[in-house]
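For reference, upload-v1.cif is printed below; it contains mmCIF, N, CA and C atoms and all ligand atoms.
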```cif
data_structure
loop_
_atom_site.label_atom_id
_atom_site.label_comp_id
_atom_site.auth_asym_id
_atom_site.auth_seq_id
_atom_site.Cartn_x
_atom_site.Cartn_y
_atom_site.Cartn_z
N PRO A 1 0.71 -1.63 -15.88
CA PRO A 1 0.56 -0.18 -15.72
C PRO A 1 0.77 0.25 -14.26
N GLY A 2 0.42 -0.62 -13.33
CA GLY A 2 0.57 -0.26 -11.93
C GLY A 2 2.02 -0.08 -11.49
N ALA A 3 2.93 -0.84 -12.08
CA ALA A 3 4.34 -0.76 -11.66
C ALA A 3 4.94 0.61 -11.95
N LYS A 4 4.65 1.14 -13.12
CA LYS A 4 5.15 2.48 -13.50
C LYS A 4 4.55 3.56 -12.60
N LEU A 5 3.27 3.43 -12.32
CA LEU A 5 2.60 4.41 -11.45
C LEU A 5 3.20 4.36 -10.06
N TYR A 6 3.54 3.16 -9.61
CA TYR A 6 4.15 3.02 -8.29
C TYR A 6 5.51 3.71 -8.25
N SER A 7 6.36 3.43 -9.25
CA SER A 7 7.70 4.03 -9.19
C SER A 7 7.64 5.54 -9.33
N ALA A 8 6.67 6.04 -10.09
CA ALA A 8 6.57 7.49 -10.27
C ALA A 8 5.99 8.21 -9.05
N ASN A 9 5.09 7.56 -8.31
CA ASN A 9 4.33 8.30 -7.29
C ASN A 9 4.58 7.85 -5.85
N CYS A 10 5.00 6.64 -5.63
CA CYS A 10 4.98 6.08 -4.27
C CYS A 10 6.36 5.62 -3.79
N GLN A 11 7.19 5.22 -4.74
CA GLN A 11 8.45 4.55 -4.38
C GLN A 11 9.39 5.42 -3.56
N SER A 12 9.37 6.75 -3.78
CA SER A 12 10.29 7.63 -3.06
C SER A 12 10.09 7.49 -1.55
N CYS A 13 8.88 7.23 -1.12
CA CYS A 13 8.63 7.04 0.32
C CYS A 13 8.56 5.56 0.71
N HIS A 14 7.75 4.79 0.01
CA HIS A 14 7.51 3.40 0.44
C HIS A 14 8.56 2.41 -0.07
N GLN A 15 9.52 2.91 -0.88
CA GLN A 15 10.68 2.12 -1.35
C GLN A 15 10.31 1.08 -2.42
N ALA A 16 11.35 0.57 -3.06
CA ALA A 16 11.18 -0.22 -4.29
C ALA A 16 10.31 -1.44 -4.14
N THR A 17 10.40 -2.13 -3.01
CA THR A 17 9.60 -3.34 -2.85
C THR A 17 8.51 -3.17 -1.79
N GLY A 18 8.16 -1.92 -1.50
CA GLY A 18 7.09 -1.66 -0.56
C GLY A 18 7.46 -1.95 0.88
N GLN A 19 8.76 -1.98 1.16
CA GLN A 19 9.19 -2.32 2.52
C GLN A 19 9.16 -1.11 3.45
N GLY A 20 8.98 0.10 2.90
CA GLY A 20 8.95 1.31 3.71
C GLY A 20 10.31 1.68 4.25
N LEU A 21 10.31 2.67 5.14
CA LEU A 21 11.54 3.11 5.82
C LEU A 21 11.21 3.19 7.30
N PRO A 22 11.86 2.36 8.13
CA PRO A 22 11.51 2.29 9.54
C PRO A 22 11.46 3.68 10.20
N GLY A 23 10.37 3.93 10.91
CA GLY A 23 10.23 5.20 11.63
C GLY A 23 9.68 6.32 10.78
N ALA A 24 9.70 6.19 9.46
CA ALA A 24 9.26 7.30 8.61
C ALA A 24 8.08 6.93 7.71
N PHE A 25 8.22 5.87 6.95
CA PHE A 25 7.20 5.48 5.99
C PHE A 25 6.83 4.02 6.20
N PRO A 26 5.56 3.73 6.40
CA PRO A 26 5.18 2.34 6.68
C PRO A 26 5.36 1.44 5.46
N PRO A 27 5.55 0.14 5.70
CA PRO A 27 5.59 -0.82 4.59
C PRO A 27 4.19 -0.97 3.99
N LEU A 28 4.13 -1.62 2.83
CA LEU A 28 2.85 -1.90 2.17
C LEU A 28 2.66 -3.41 2.02
N THR A 29 3.57 -4.17 2.60
CA THR A 29 3.58 -5.63 2.43
C THR A 29 2.49 -6.33 3.26
N HIS A 30 1.90 -5.62 4.23
CA HIS A 30 0.86 -6.21 5.09
C HIS A 30 -0.53 -5.95 4.55
N LEU A 31 -0.66 -5.32 3.36
CA LEU A 31 -1.96 -4.80 2.95
C LEU A 31 -2.99 -5.85 2.59
N ASP A 32 -2.58 -7.12 2.44
CA ASP A 32 -3.61 -8.15 2.24
C ASP A 32 -4.57 -8.18 3.44
N LYS A 33 -4.01 -8.03 4.64
CA LYS A 33 -4.87 -8.01 5.85
C LYS A 33 -5.84 -6.83 5.81
N VAL A 34 -5.35 -5.70 5.33
CA VAL A 34 -6.18 -4.49 5.29
C VAL A 34 -7.28 -4.65 4.23
N VAL A 35 -6.91 -5.11 3.04
CA VAL A 35 -7.90 -5.19 1.96
C VAL A 35 -8.98 -6.23 2.27
N GLN A 36 -8.62 -7.27 3.04
CA GLN A 36 -9.59 -8.32 3.38
C GLN A 36 -10.52 -7.91 4.53
N ALA A 37 -10.13 -6.91 5.30
CA ALA A 37 -10.96 -6.48 6.44
C ALA A 37 -12.17 -5.68 5.95
N LYS A 38 -13.22 -5.66 6.76
CA LYS A 38 -14.41 -4.88 6.41
C LYS A 38 -14.03 -3.41 6.28
N GLY A 39 -14.38 -2.80 5.17
CA GLY A 39 -14.04 -1.39 4.93
C GLY A 39 -12.64 -1.17 4.40
N GLY A 40 -11.88 -2.25 4.24
CA GLY A 40 -10.48 -2.13 3.84
C GLY A 40 -10.28 -1.65 2.42
N ARG A 41 -11.12 -2.14 1.51
CA ARG A 41 -10.99 -1.71 0.10
C ARG A 41 -11.20 -0.21 0.00
N GLU A 42 -12.27 0.26 0.67
CA GLU A 42 -12.61 1.68 0.65
C GLU A 42 -11.48 2.51 1.27
N TYR A 43 -10.95 2.03 2.39
CA TYR A 43 -9.85 2.74 3.06
C TYR A 43 -8.65 2.91 2.13
N LEU A 44 -8.22 1.85 1.45
CA LEU A 44 -7.03 1.92 0.58
C LEU A 44 -7.24 2.92 -0.55
N ILE A 45 -8.43 2.92 -1.13
CA ILE A 45 -8.74 3.88 -2.20
C ILE A 45 -8.68 5.30 -1.65
N ARG A 46 -9.25 5.50 -0.47
CA ARG A 46 -9.25 6.85 0.13
C ARG A 46 -7.85 7.33 0.49
N VAL A 47 -7.00 6.44 0.96
CA VAL A 47 -5.62 6.85 1.27
C VAL A 47 -4.98 7.47 0.02
N VAL A 48 -5.17 6.83 -1.12
CA VAL A 48 -4.56 7.35 -2.35
C VAL A 48 -5.24 8.66 -2.77
N LEU A 49 -6.55 8.71 -2.76
CA LEU A 49 -7.25 9.92 -3.23
C LEU A 49 -7.06 11.11 -2.29
N TYR A 50 -7.08 10.86 -0.99
CA TYR A 50 -7.18 11.97 -0.03
C TYR A 50 -5.99 12.09 0.92
N GLY A 51 -5.04 11.14 0.87
CA GLY A 51 -3.89 11.19 1.76
C GLY A 51 -4.24 10.67 3.15
N LEU A 52 -3.27 10.78 4.06
CA LEU A 52 -3.41 10.16 5.38
C LEU A 52 -2.59 10.97 6.38
N GLN A 53 -3.17 11.19 7.54
CA GLN A 53 -2.45 11.95 8.57
C GLN A 53 -2.89 11.52 9.95
N GLY A 54 -1.90 11.29 10.83
CA GLY A 54 -2.19 10.94 12.22
C GLY A 54 -1.35 9.76 12.64
N SER A 55 -1.62 9.30 13.85
CA SER A 55 -0.83 8.21 14.42
C SER A 55 -1.34 6.87 13.91
N LEU A 56 -0.46 6.14 13.23
CA LEU A 56 -0.82 4.88 12.58
C LEU A 56 0.15 3.80 13.04
N THR A 57 -0.36 2.67 13.52
CA THR A 57 0.53 1.57 13.90
C THR A 57 0.42 0.45 12.88
N VAL A 58 1.57 0.09 12.30
CA VAL A 58 1.64 -0.97 11.29
C VAL A 58 2.68 -1.98 11.75
N GLU A 59 2.28 -3.25 11.87
CA GLU A 59 3.20 -4.32 12.25
C GLU A 59 4.00 -3.94 13.50
N GLY A 60 3.30 -3.36 14.46
CA GLY A 60 3.93 -3.07 15.74
C GLY A 60 4.75 -1.79 15.80
N LYS A 61 4.85 -1.07 14.68
CA LYS A 61 5.61 0.20 14.69
C LYS A 61 4.65 1.35 14.44
N THR A 62 4.87 2.43 15.19
CA THR A 62 3.97 3.59 15.07
C THR A 62 4.58 4.68 14.19
N TYR A 63 3.75 5.20 13.31
CA TYR A 63 4.14 6.30 12.41
C TYR A 63 3.28 7.49 12.75
N ASN A 64 3.85 8.65 12.64
CA ASN A 64 3.06 9.85 12.89
C ASN A 64 3.34 10.81 11.76
N GLY A 65 2.96 10.42 10.58
CA GLY A 65 3.39 11.13 9.39
C GLY A 65 2.24 11.75 8.62
N VAL A 66 2.60 12.29 7.49
CA VAL A 66 1.63 12.87 6.57
C VAL A 66 1.90 12.27 5.19
N MET A 67 0.89 11.68 4.61
CA MET A 67 0.99 11.25 3.22
C MET A 67 0.15 12.19 2.36
N PRO A 68 0.72 12.69 1.26
CA PRO A 68 -0.04 13.62 0.42
C PRO A 68 -1.14 12.90 -0.37
N PRO A 69 -2.17 13.66 -0.79
CA PRO A 69 -3.22 13.07 -1.64
C PRO A 69 -2.75 12.94 -3.09
N PHE A 70 -3.37 12.01 -3.83
CA PHE A 70 -3.05 11.80 -5.24
C PHE A 70 -4.33 11.88 -6.07
N ARG A 71 -5.06 12.99 -5.89
CA ARG A 71 -6.33 13.19 -6.61
C ARG A 71 -6.13 13.29 -8.12
N GLN A 72 -4.91 13.65 -8.53
CA GLN A 72 -4.65 13.86 -9.97
C GLN A 72 -4.66 12.55 -10.75
N LEU A 73 -4.51 11.42 -10.07
CA LEU A 73 -4.55 10.13 -10.77
C LEU A 73 -5.99 9.82 -11.19
N LYS A 74 -6.12 9.21 -12.38
CA LYS A 74 -7.45 8.83 -12.87
C LYS A 74 -7.96 7.61 -12.08
N ASP A 75 -9.26 7.38 -12.16
CA ASP A 75 -9.86 6.24 -11.44
C ASP A 75 -9.16 4.93 -11.80
N GLN A 76 -8.94 4.72 -13.09
CA GLN A 76 -8.30 3.47 -13.51
C GLN A 76 -6.85 3.39 -13.00
N GLU A 77 -6.17 4.53 -12.93
CA GLU A 77 -4.79 4.55 -12.44
C GLU A 77 -4.74 4.19 -10.95
N VAL A 78 -5.66 4.72 -10.18
CA VAL A 78 -5.70 4.39 -8.74
C VAL A 78 -5.93 2.89 -8.58
N ALA A 79 -6.84 2.33 -9.38
CA ALA A 79 -7.11 0.89 -9.31
C ALA A 79 -5.86 0.09 -9.71
N ASP A 80 -5.23 0.46 -10.81
CA ASP A 80 -4.04 -0.27 -11.28
C ASP A 80 -2.92 -0.23 -10.25
N LEU A 81 -2.73 0.94 -9.66
CA LEU A 81 -1.68 1.13 -8.66
C LEU A 81 -1.93 0.25 -7.43
N LEU A 82 -3.13 0.29 -6.91
CA LEU A 82 -3.43 -0.52 -5.73
C LEU A 82 -3.35 -2.01 -6.06
N ASN A 83 -3.81 -2.41 -7.24
CA ASN A 83 -3.75 -3.83 -7.61
C ASN A 83 -2.30 -4.29 -7.75
N HIS A 84 -1.45 -3.41 -8.25
CA HIS A 84 -0.02 -3.76 -8.34
C HIS A 84 0.58 -3.99 -6.94
N ILE A 85 0.31 -3.06 -6.04
CA ILE A 85 0.84 -3.19 -4.67
C ILE A 85 0.30 -4.45 -4.01
N LEU A 86 -1.01 -4.67 -4.16
CA LEU A 86 -1.64 -5.81 -3.48
C LEU A 86 -1.10 -7.13 -4.01
N THR A 87 -0.98 -7.28 -5.32
CA THR A 87 -0.55 -8.57 -5.84
C THR A 87 0.95 -8.76 -5.69
N THR A 88 1.74 -7.70 -5.90
CA THR A 88 3.19 -7.85 -5.95
C THR A 88 3.83 -7.80 -4.56
N PHE A 89 3.48 -6.80 -3.75
CA PHE A 89 4.13 -6.62 -2.44
C PHE A 89 3.40 -7.39 -1.34
N ALA A 90 2.08 -7.45 -1.44
CA ALA A 90 1.29 -8.04 -0.36
C ALA A 90 0.82 -9.46 -0.68
N LYS A 91 1.17 -9.97 -1.87
CA LYS A 91 0.80 -11.34 -2.26
C LYS A 91 -0.68 -11.63 -1.99
N SER A 92 -1.51 -10.64 -2.33
CA SER A 92 -2.94 -10.75 -2.05
C SER A 92 -3.67 -11.44 -3.18
N LYS A 93 -4.68 -12.22 -2.84
CA LYS A 93 -5.54 -12.83 -3.84
C LYS A 93 -6.94 -12.23 -3.78
N ALA A 94 -7.05 -11.06 -3.17
CA ALA A 94 -8.35 -10.38 -3.09
C ALA A 94 -8.84 -10.02 -4.49
N LYS A 95 -10.14 -9.87 -4.61
CA LYS A 95 -10.73 -9.42 -5.87
C LYS A 95 -10.11 -8.08 -6.25
N PRO A 96 -9.69 -7.89 -7.52
CA PRO A 96 -9.06 -6.62 -7.89
C PRO A 96 -9.97 -5.42 -7.65
N ILE A 97 -9.36 -4.31 -7.32
CA ILE A 97 -10.09 -3.06 -7.15
C ILE A 97 -10.42 -2.51 -8.54
N SER A 98 -11.65 -2.03 -8.71
CA SER A 98 -12.09 -1.55 -10.02
C SER A 98 -12.13 -0.02 -10.07
N ALA A 99 -12.08 0.50 -11.30
CA ALA A 99 -12.20 1.95 -11.49
C ALA A 99 -13.55 2.46 -10.96
N GLU A 100 -14.59 1.62 -11.03
CA GLU A 100 -15.91 2.03 -10.53
C GLU A 100 -15.90 2.25 -9.02
N GLU A 101 -15.17 1.39 -8.30
CA GLU A 101 -15.07 1.57 -6.85
C GLU A 101 -14.36 2.89 -6.53
N VAL A 102 -13.34 3.22 -7.31
CA VAL A 102 -12.62 4.47 -7.09
C VAL A 102 -13.53 5.65 -7.37
N LYS A 103 -14.25 5.58 -8.47
CA LYS A 103 -15.14 6.67 -8.87
C LYS A 103 -16.16 6.98 -7.78
N ALA A 104 -16.73 5.94 -7.19
CA ALA A 104 -17.76 6.13 -6.16
C ALA A 104 -17.20 6.88 -4.95
N LEU A 105 -15.94 6.61 -4.59
CA LEU A 105 -15.37 7.26 -3.41
C LEU A 105 -14.84 8.65 -3.73
N ARG A 106 -14.50 8.89 -4.97
CA ARG A 106 -14.05 10.23 -5.36
C ARG A 106 -15.18 11.25 -5.20
N ALA A 107 -16.39 10.78 -5.28
CA ALA A 107 -17.54 11.67 -5.13
C ALA A 107 -17.73 12.13 -3.69
N LYS A 108 -17.02 11.52 -2.73
CA LYS A 108 -17.21 11.85 -1.30
C LYS A 108 -15.88 12.24 -0.69
N ALA A 109 -15.50 13.50 -0.82
CA ALA A 109 -14.19 13.97 -0.33
C ALA A 109 -14.07 13.80 1.18
N MET A 110 -12.84 13.52 1.64
CA MET A 110 -12.58 13.32 3.08
C MET A 110 -11.26 13.98 3.43
N SER A 111 -11.11 14.36 4.70
CA SER A 111 -9.82 14.88 5.17
C SER A 111 -8.89 13.69 5.42
N PRO A 112 -7.55 13.94 5.37
CA PRO A 112 -6.62 12.83 5.65
C PRO A 112 -6.75 12.29 7.08
N GLN A 113 -7.22 13.12 7.98
CA GLN A 113 -7.44 12.64 9.36
C GLN A 113 -8.65 11.69 9.39
N ASP A 114 -9.70 12.05 8.66
CA ASP A 114 -10.88 11.18 8.62
C ASP A 114 -10.60 9.87 7.87
N VAL A 115 -9.70 9.94 6.89
CA VAL A 115 -9.31 8.69 6.22
C VAL A 115 -8.71 7.74 7.25
N LEU A 116 -7.83 8.27 8.10
CA LEU A 116 -7.21 7.42 9.13
C LEU A 116 -8.27 6.83 10.07
N LYS A 117 -9.27 7.63 10.43
CA LYS A 117 -10.34 7.12 11.32
C LYS A 117 -11.13 6.00 10.66
N SER A 118 -11.14 5.96 9.33
CA SER A 118 -11.91 4.93 8.62
C SER A 118 -11.09 3.64 8.43
N ARG A 119 -9.85 3.61 8.95
CA ARG A 119 -9.02 2.41 8.77
C ARG A 119 -9.59 1.23 9.55
N PRO A 120 -9.70 0.06 8.93
CA PRO A 120 -10.16 -1.10 9.71
C PRO A 120 -9.14 -1.45 10.80
N PRO A 121 -9.58 -2.05 11.90
CA PRO A 121 -8.68 -2.33 13.02
C PRO A 121 -7.77 -3.51 12.72
N VAL A 122 -6.73 -3.25 11.93
CA VAL A 122 -5.75 -4.26 11.56
C VAL A 122 -4.42 -3.81 12.13
N LYS A 123 -3.71 -4.69 12.81
CA LYS A 123 -2.41 -4.33 13.37
C LYS A 123 -1.39 -4.29 12.24
C1 LIG B 201 0.70 5.45 4.53
C2 LIG B 201 0.01 3.93 -0.03
C3 LIG B 201 2.77 7.60 -1.63
C4 LIG B 201 4.02 8.61 2.91
C5 LIG B 201 0.23 4.74 3.44
C6 LIG B 201 -0.75 3.69 3.47
C7 LIG B 201 -0.94 3.28 2.19
C8 LIG B 201 -0.08 4.05 1.35
C9 LIG B 201 -1.92 2.20 1.70
C10 LIG B 201 -1.48 3.18 4.72
C11 LIG B 201 -0.93 1.84 5.22
C12 LIG B 201 -1.81 1.26 6.31
O1 LIG B 201 -2.79 1.85 6.74
O2 LIG B 201 -1.49 0.16 6.76
C13 LIG B 201 0.68 4.82 -0.87
C14 LIG B 201 0.56 4.84 -2.32
C15 LIG B 201 1.30 5.89 -2.75
C16 LIG B 201 1.91 6.52 -1.59
C17 LIG B 201 -0.26 3.86 -3.13
C18 LIG B 201 1.45 6.44 -4.16
C19 LIG B 201 0.29 6.84 -4.81
C20 LIG B 201 3.39 8.16 -0.55
C21 LIG B 201 4.39 9.22 -0.60
C22 LIG B 201 4.73 9.50 0.70
C23 LIG B 201 3.96 8.63 1.55
C24 LIG B 201 4.94 9.85 -1.87
C25 LIG B 201 5.74 10.50 1.22
C26 LIG B 201 5.76 11.78 0.73
C27 LIG B 201 3.19 7.89 3.74
C28 LIG B 201 3.14 8.07 5.19
C29 LIG B 201 2.15 7.18 5.65
C30 LIG B 201 1.65 6.45 4.49
C31 LIG B 201 3.99 9.03 6.02
C32 LIG B 201 1.70 7.05 7.11
C33 LIG B 201 0.80 8.26 7.46
C34 LIG B 201 0.50 8.37 8.95
O3 LIG B 201 1.43 8.23 9.77
O4 LIG B 201 -0.68 8.62 9.30
N1 LIG B 201 0.63 4.94 2.13
N2 LIG B 201 1.50 5.83 -0.48
N3 LIG B 201 3.16 7.82 0.77
N4 LIG B 201 2.28 6.93 3.36
FE1 LIG B 201 1.90 6.38 1.45
#
```
Please express what this file holds, its structure, as structure tokens.
Amino acid sequence: PGAKLYSANCQSCHQATGQGLPGAFPPLTHLDKVVQAKGGREYLIRVVLYGLQGSLTVEGKTYNGVMPPFRQLKDQEVADLLNHILTTFAKSKAKPISAEEVKALRAKAMSPQDVLKSRPPVK
């Protein structure tokens, strides 16, 4: 289910294999480091629910973009989408993200700027 959600909602910016577009859209292939960091699971869920805005450095490249929020996705869809990206693009073996984790964070709305401030310090 995550693959379809990815192609419908994310692929136009982050590209077919999550490699991103240099200078415009960051890759998603490094996200194992993010999900394993303290606060990383929460950050990834918030990026999808609330979007992201501000200066972000990924793998040595800086982005200064705006990602829209995807509040319309259901809790289970957000979990499926992130688990697809993590296992397929980031080769992560982290514990899968659950719909319950998404639900808990949906109850606490955040601005896309504050989502960026909550990012764990991962290069
Ligand atoms: C950043 C995931 C859709 C544009 C990010 C990050 C994640 C992510 C996890 C942060 C990476 C990090 O902190 O290392 C997703 C998912 C999407 C999606 C799962 C589908 C639900 C989109 C779309 C666009 C977009 C459609 C373009 C309209 C961006 C931009 C950033 C970003 C510009 C960097 C923002 C900044 O510079 O602060 N995305 N994304 N994303 N995404 Fe997406």
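Of the residues in segment 24-78 of chain A, those that DSSP places in strand (DSSP E or B) on the basis of the backbone are Phe25, Leu52, Gln53, Gly54, Ser55, Leu56, Thr57, Val58, Lys61, Thr62, Tyr63, Asn64, Gly65, Val66 and Met67 of chain A.
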Problem set entry | Contacts of ligand LIG 201 (chain B), 8 Å or closer, all atoms listed in the file, given as a PyMOL selection string | chain A and resi 5-14+23-31+34+43-49+51-59+62-70+78+81-82+85+112-113+116+119-120+122-123
Exercise. So what do you get for atom C of Val102 of chain A versus atom N of Asp75 of chain A, distance-wise?
Worked result: 6.6 Å
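The spacing separating atom CA of Gln36 of chain A from atom CA of Pro96 of chain A amounts to 11.4 Å.
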Problem set entry | Which of chain A DSSP labels helix (DSSP H, G or I), written as a VMD selection string | chain A and resid 2 to 9 11 to 14 31 to 36 40 to 50 75 to 89 99 to 106 112 to 117
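Straight-line separation from atom CA of Glu77 of chain A to atom CA of Ser118 of chain A: 22.2 Å.
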Problem set entry | Shell around Ser92 of chain A at 8 Å using all atoms listed in the file, local window under 3 positions removed, as number ranges by chain | A: 31-33, 85-89, 95
Problem set entry | Residue nearest Ser111 of chain A - candidates A:Ala3, A:His84, A:Gly40, A:Tyr50, atoms counted: all atoms listed in the file |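 Once distances to Ser111 of chain A are computed over all atoms listed in the file, the minimum belongs to A:Tyr50.
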